[in-house]
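The structure appears below as structure tokens.
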Amino acid sequence: MITVSQGGAVEALRRSADEDWSAAVGHRFVEELFAGTVPDDVMATYLVQDYQFFEDFLAMLGACVAHADRIGAKLRFARQLGFLEADEDSYFIRAFAEVGVTEDDYADPVLLAPTEGFRDVMRAAVASASYPDLLVVLVIAEWLYLDWGELERKMPTRDVHVGWIDLHRGEDFSAWVQFLVDELERVFPRGDDAESVTTRKRLTALWGRAVGLERAFFDEAYRAQRS
């Protein structure tokens with residue numbers, strides 16, 4: 001369970017896109033993932049598209065190492081880079097084999113619209129060199145997944161399902177998300193000057209766009225099978 005400051009910036013951001021956030025956390029994909037009933041073609045589409053974020057996610061963490069304003073935060077992002085190489089990438093390779101996805105399938109696929117949209121958001125955050133922008137995107141990408149990862153459900157049996165859930169739950173992942181939330185709360189602009197007001201509006205709009213894309217990403221894995 002992530003703790004947020006009551007009346008704080010992150011709580012307000014979370015409320016601002018509650019409909020899309022709740023729809024993503026309670027999505028059909030999530031329910032079928034825990035039930036172990038996601039069709040393999042849907043799982044394959046979902047994972048192939050999600051894998052396309054890997055390089056951009058690494059770039060965001062690297063940008064946070066560069067632009068975070070405290071050495072402790074820089075070191076925390078650096079440690080997370082090592083986790084992605086050791087655990088997350090190895091899951092994808094195992095999962096692709098389990099659902100029959102070849103290297104040709106995942107190396108350079110046609111990107112679905114939500115995938116392109118979220119990659120654009122990630123790349124814009126990196127290009128901005130703005131620590132708050134980077135944190136907004138990271139908080140959404142990680143916290144929303146923790147929210148569904150911590151749902152109290154009976155666990156499935158196949159590794160392709162269990163592994164994806166396990167990557168998004170547990171003490172270590174929860175601590176990582178809490179760190180991101182706390183950092184965003186700390187650096188979110190609060191001044192009454194024109195620059196602070198403009199930045200808050202921009203970050204709130206970015207939050208809404210990114211949460212909407214997360215919801216659309218779940219939807220698209222199913223739509224792609226019907227096209």
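Residue numbering restarts at 1 in every chain; chains get A, B, ... in the order shown in the structure tokens, and ligands count up from 1 in that same order.
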
Backbone DSSP call of alpha helix (DSSP H) for chain A, listed as an NGL selection string: :A and (9-16 or 18-25 or 28-35 or 40-51 or 54-67 or 71-83 or 89-98 or 103-107 or 113-128 or 131-149 or 159-166 or 171-187 or 194-226)

If we count only C-alpha atoms, what is near Leu58 (chain A) at a cut-off of 10 Å, once residues fewer than 3 positions away on the same chain are taken out, given as a PDB file with N, CA, C and O atoms, in the first residue's frame?
ATOM      1  N   PHE A  53       8.919  -0.720 -24.742  1.00  0.00           N
ATOM      2  CA  PHE A  53       9.202   0.367 -23.800  1.00  0.00           C
ATOM      3  C   PHE A  53      10.551   0.202 -23.106  1.00  0.00           C
ATOM      4  O   PHE A  53      11.014   1.122 -22.429  1.00  0.00           O
ATOM      5  N   PHE A  54      11.161  -0.973 -23.225  1.00  0.00           N
ATOM      6  CA  PHE A  54      12.300  -1.298 -22.377  1.00  0.00           C
ATOM      7  C   PHE A  54      13.447  -0.291 -22.549  1.00  0.00           C
ATOM      8  O   PHE A  54      13.979   0.246 -21.571  1.00  0.00           O
ATOM      9  N   GLU A  55      13.814  -0.026 -23.788  1.00  0.00           N
ATOM     10  CA  GLU A  55      14.929   0.893 -24.033  1.00  0.00           C
ATOM     11  C   GLU A  55      14.601   2.302 -23.543  1.00  0.00           C
ATOM     12  O   GLU A  55      15.450   2.976 -22.933  1.00  0.00           O
ATOM     13  N   LEU A  61      15.352   6.175 -16.663  1.00  0.00           N
ATOM     14  CA  LEU A  61      16.102   5.987 -15.418  1.00  0.00           C
ATOM     15  C   LEU A  61      17.469   6.658 -15.503  1.00  0.00           C
ATOM     16  O   LEU A  61      17.929   7.283 -14.535  1.00  0.00           O
ATOM     17  N   GLY A  62      18.124   6.527 -16.660  1.00  0.00           N
ATOM     18  CA  GLY A  62      19.409   7.195 -16.839  1.00  0.00           C
ATOM     19  C   GLY A  62      19.278   8.704 -16.743  1.00  0.00           C
ATOM     20  O   GLY A  62      20.140   9.380 -16.162  1.00  0.00           O
ATOM     21  N   ALA A  63      18.190   9.250 -17.297  1.00  0.00           N
ATOM     22  CA  ALA A  63      17.968  10.688 -17.213  1.00  0.00           C
ATOM     23  C   ALA A  63      17.732  11.123 -15.773  1.00  0.00           C
ATOM     24  O   ALA A  63      18.148  12.213 -15.371  1.00  0.00           O
ATOM     25  N   CYS A  64      17.084  10.267 -14.982  1.00  0.00           N
ATOM     26  CA  CYS A  64      16.890  10.586 -13.566  1.00  0.00           C
ATOM     27  C   CYS A  64      18.213  10.577 -12.812  1.00  0.00           C
ATOM     28  O   CYS A  64      18.419  11.394 -11.903  1.00  0.00           O
ATOM     29  N   PHE A  77      18.160   5.369  -8.452  1.00  0.00           N
ATOM     30  CA  PHE A  77      17.846   5.117  -9.861  1.00  0.00           C
ATOM     31  C   PHE A  77      18.907   4.221 -10.502  1.00  0.00           C
ATOM     32  O   PHE A  77      18.581   3.360 -11.328  1.00  0.00           O
ATOM     33  N   GLN A  80      18.180   0.664  -9.697  1.00  0.00           N
ATOM     34  CA  GLN A  80      17.034   0.133 -10.429  1.00  0.00           C
ATOM     35  C   GLN A  80      17.408  -0.271 -11.849  1.00  0.00           C
ATOM     36  O   GLN A  80      16.832  -1.223 -12.399  1.00  0.00           O
ATOM     37  N   LEU A  81      18.357   0.403 -12.430  1.00  0.00           N
ATOM     38  CA  LEU A  81      18.835   0.021 -13.760  1.00  0.00           C
ATOM     39  C   LEU A  81      19.367  -1.408 -13.758  1.00  0.00           C
ATOM     40  O   LEU A  81      19.106  -2.182 -14.684  1.00  0.00           O
ATOM     41  N   GLY A  82      20.087  -1.769 -12.710  1.00  0.00           N
ATOM     42  CA  GLY A  82      20.617  -3.127 -12.608  1.00  0.00           C
ATOM     43  C   GLY A  82      19.520  -4.162 -12.462  1.00  0.00           C
ATOM     44  O   GLY A  82      19.612  -5.267 -13.017  1.00  0.00           O
ATOM     45  N   LEU A  84      16.503  -4.074 -13.747  1.00  0.00           N
ATOM     46  CA  LEU A  84      15.829  -4.297 -15.028  1.00  0.00           C
ATOM     47  C   LEU A  84      16.604  -5.289 -15.888  1.00  0.00           C
ATOM     48  O   LEU A  84      16.020  -6.152 -16.533  1.00  0.00           O
ATOM     49  N   GLU A  85      17.895  -5.176 -15.902  1.00  0.00           N
ATOM     50  CA  GLU A  85      18.702  -6.094 -16.714  1.00  0.00           C
ATOM     51  C   GLU A  85      18.652  -7.500 -16.154  1.00  0.00           C
ATOM     52  O   GLU A  85      18.557  -8.484 -16.903  1.00  0.00           O
TER      53      GLU A  85
END

Using only C-alpha atoms, find each residue of region 106-181 of chain A with at least one atom at most 12 Å away from an atom of region 20-23 of chain A; report its shortest atom-to-atom pair and that distance in Å (one decimal), sort the rows by chain and rising residue number, and return the result as CSV.
residue,atom,partner,partner_atom,distance
A:Ile140,CA,A:Trp21,CA,9.1
A:Ala141,CA,A:Trp21,CA,11.1
A:Trp143,CA,A:Trp21,CA,10.1
A:Leu144,CA,A:Trp21,CA,7.0
A:Tyr145,CA,A:Trp21,CA,10.1
A:Leu146,CA,A:Trp21,CA,11.9
A:Asp147,CA,A:Ser22,CA,9.4
A:Trp148,CA,A:Ser22,CA,9.5

Can you pull out the residues contacting region 153-170 of chain A? Cut-off 9 Å, using only C-alpha atoms, and skip same-chain residues under 2 positions away; I want them as a PDB file with C-alpha atoms, in the first residue's frame.
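Result written to result-v6.pdb:
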ATOM      1  CA  GLU A  31      -8.724 -10.209 -14.158  1.00  0.00           C
ATOM      2  CA  LEU A  33      -4.130 -12.540 -15.919  1.00  0.00           C
ATOM      3  CA  PHE A  34      -4.829 -13.601 -12.325  1.00  0.00           C
ATOM      4  CA  ALA A  35      -7.268 -16.266 -13.522  1.00  0.00           C
ATOM      5  CA  GLY A  36      -4.664 -17.589 -15.952  1.00  0.00           C
ATOM      6  CA  THR A  37      -7.125 -17.255 -18.839  1.00  0.00           C
ATOM      7  CA  VAL A  38      -5.556 -14.523 -20.981  1.00  0.00           C
ATOM      8  CA  MET A  43      -0.640 -12.161 -24.013  1.00  0.00           C
ATOM      9  CA  ASP A  87      15.078  -9.667 -13.672  1.00  0.00           C
ATOM     10  CA  GLU A  88      12.686  -7.962 -16.058  1.00  0.00           C
ATOM     11  CA  TYR A  91      11.216 -12.613 -17.739  1.00  0.00           C
ATOM     12  CA  PHE A  92      10.421 -11.318 -21.217  1.00  0.00           C
ATOM     13  CA  ARG A  94      11.121 -16.741 -20.954  1.00  0.00           C
ATOM     14  CA  ALA A  95       7.608 -15.453 -21.584  1.00  0.00           C
ATOM     15  CA  PHE A  96       8.156 -15.010 -25.307  1.00  0.00           C
ATOM     16  CA  GLU A  98       6.230 -19.818 -23.608  1.00  0.00           C
ATOM     17  CA  VAL A  99       3.679 -18.087 -25.848  1.00  0.00           C
ATOM     18  CA  GLU A 142       5.072   1.792 -11.836  1.00  0.00           C
ATOM     19  CA  TRP A 143       2.344   2.721  -9.339  1.00  0.00           C
ATOM     20  CA  TYR A 145       0.983  -1.648 -12.087  1.00  0.00           C
ATOM     21  CA  LEU A 146       1.612  -2.054  -8.374  1.00  0.00           C
ATOM     22  CA  ASP A 147      -2.064  -1.267  -7.766  1.00  0.00           C
ATOM     23  CA  TRP A 148      -3.207  -4.249  -9.821  1.00  0.00           C
ATOM     24  CA  GLY A 149      -0.217  -6.402  -8.848  1.00  0.00           C
ATOM     25  CA  GLU A 150      -1.261  -6.214  -5.197  1.00  0.00           C
ATOM     26  CA  LEU A 151      -4.862  -7.274  -5.815  1.00  0.00           C
ATOM     27  CA  ASP A 172      11.026  -4.400  -3.119  1.00  0.00           C
ATOM     28  CA  PHE A 173       8.710  -3.151  -5.853  1.00  0.00           C
ATOM     29  CA  SER A 174       6.468  -1.417  -3.322  1.00  0.00           C
ATOM     30  CA  ALA A 175       9.483   0.344  -1.803  1.00  0.00           C
TER      31      ALA A 175
END

Pick from A:Leu206, A:Val101, A:Ala44, A:Ala107 nearest to Pro132 (chain A), counting only C-alpha atoms: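 For Pro132 (chain A), the nearest of the given residues is A:Leu206.
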
Long-range neighbours of region 179-181 of chain A as a PyMOL selection string, 8 Å cut-off, only C-alpha atoms, 6 positions minimum in chain: chain A and resi 4+10+135+138-139

File of the preceding selection, N, CA, C and O atoms, as a PDB file, in the first residue's frame:
ATOM      1  N   VAL A   4       0.446   8.347   0.512  1.00  0.00           N
ATOM      2  CA  VAL A   4       0.577   9.671  -0.095  1.00  0.00           C
ATOM      3  C   VAL A   4       0.161  10.716   0.923  1.00  0.00           C
ATOM      4  O   VAL A   4      -0.636  10.452   1.825  1.00  0.00           O
ATOM      5  N   VAL A  10       0.554  14.650  -5.146  1.00  0.00           N
ATOM      6  CA  VAL A  10       0.365  13.338  -5.762  1.00  0.00           C
ATOM      7  C   VAL A  10      -1.069  12.857  -5.574  1.00  0.00           C
ATOM      8  O   VAL A  10      -1.656  12.266  -6.482  1.00  0.00           O
ATOM      9  N   LEU A 135       9.548  12.035 -13.311  1.00  0.00           N
ATOM     10  CA  LEU A 135       8.896  11.373 -12.181  1.00  0.00           C
ATOM     11  C   LEU A 135       7.414  11.138 -12.442  1.00  0.00           C
ATOM     12  O   LEU A 135       6.877  10.082 -12.075  1.00  0.00           O
ATOM     13  N   LEU A 138       7.219   8.058 -14.613  1.00  0.00           N
ATOM     14  CA  LEU A 138       7.652   6.870 -13.882  1.00  0.00           C
ATOM     15  C   LEU A 138       6.653   6.462 -12.812  1.00  0.00           C
ATOM     16  O   LEU A 138       6.379   5.265 -12.628  1.00  0.00           O
ATOM     17  N   VAL A 139       6.109   7.427 -12.094  1.00  0.00           N
ATOM     18  CA  VAL A 139       5.132   7.107 -11.046  1.00  0.00           C
ATOM     19  C   VAL A 139       3.929   6.397 -11.656  1.00  0.00           C
ATOM     20  O   VAL A 139       3.453   5.376 -11.131  1.00  0.00           O
TER      21      VAL A 139
END

Selection near Ala221 (chain A), 10 Å with only C-alpha atoms, sequence-local residues under 6 positions removed, as JSON, numbers by chain: {"A": [29, 41, 42, 43, 44, 45, 46, 47, 48, 49, 112, 114]}

Of the listed residues A:Arg15, A:Arg186, A:Arg123, A:Arg202, that which approaches Ala73 (chain A) most closely, counting only C-alpha atoms: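 Residue with the minimum atom-to-atom distance to Ala73 (chain A): A:Arg186.
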
Which of A:Glu103, A:Glu11, A:Glu195, A:Glu152 sits closest to Val30 (chain A) [using only C-alpha atoms]: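 Residue with the minimum atom-to-atom distance to Val30 (chain A): A:Glu152.
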
Near-Ala9 (chain A) list (9 Å; only C-alpha atoms; drop same-chain fewer than 6 positions) as a VMD selection string: chain A and resid 184 to 186 188 to 190

Given only C-alpha atoms as the counted atoms, nearest of A:Ala24, A:Ala205, A:Val121, A:Ala78 to Phe217 (chain A): A:Ala24

Straight-line distance linking CA of Gln178 (chain A) with CA of Arg70 (chain A), stated in Å to one decimal: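 These two atoms are separated by 16.6 Å.
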
Point-to-point distance in Å for CA of Gly8 (chain A) and CA of Lys201 (chain A): 15.0 Å

Coordinates-based distance that separates CA of Met122 (chain A) from CA of Arg76 (chain A) (Å, one decimal):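 According to the coordinates, CA of Arg76 (chain A) and CA of Met122 (chain A) are separated by 19.4 Å.
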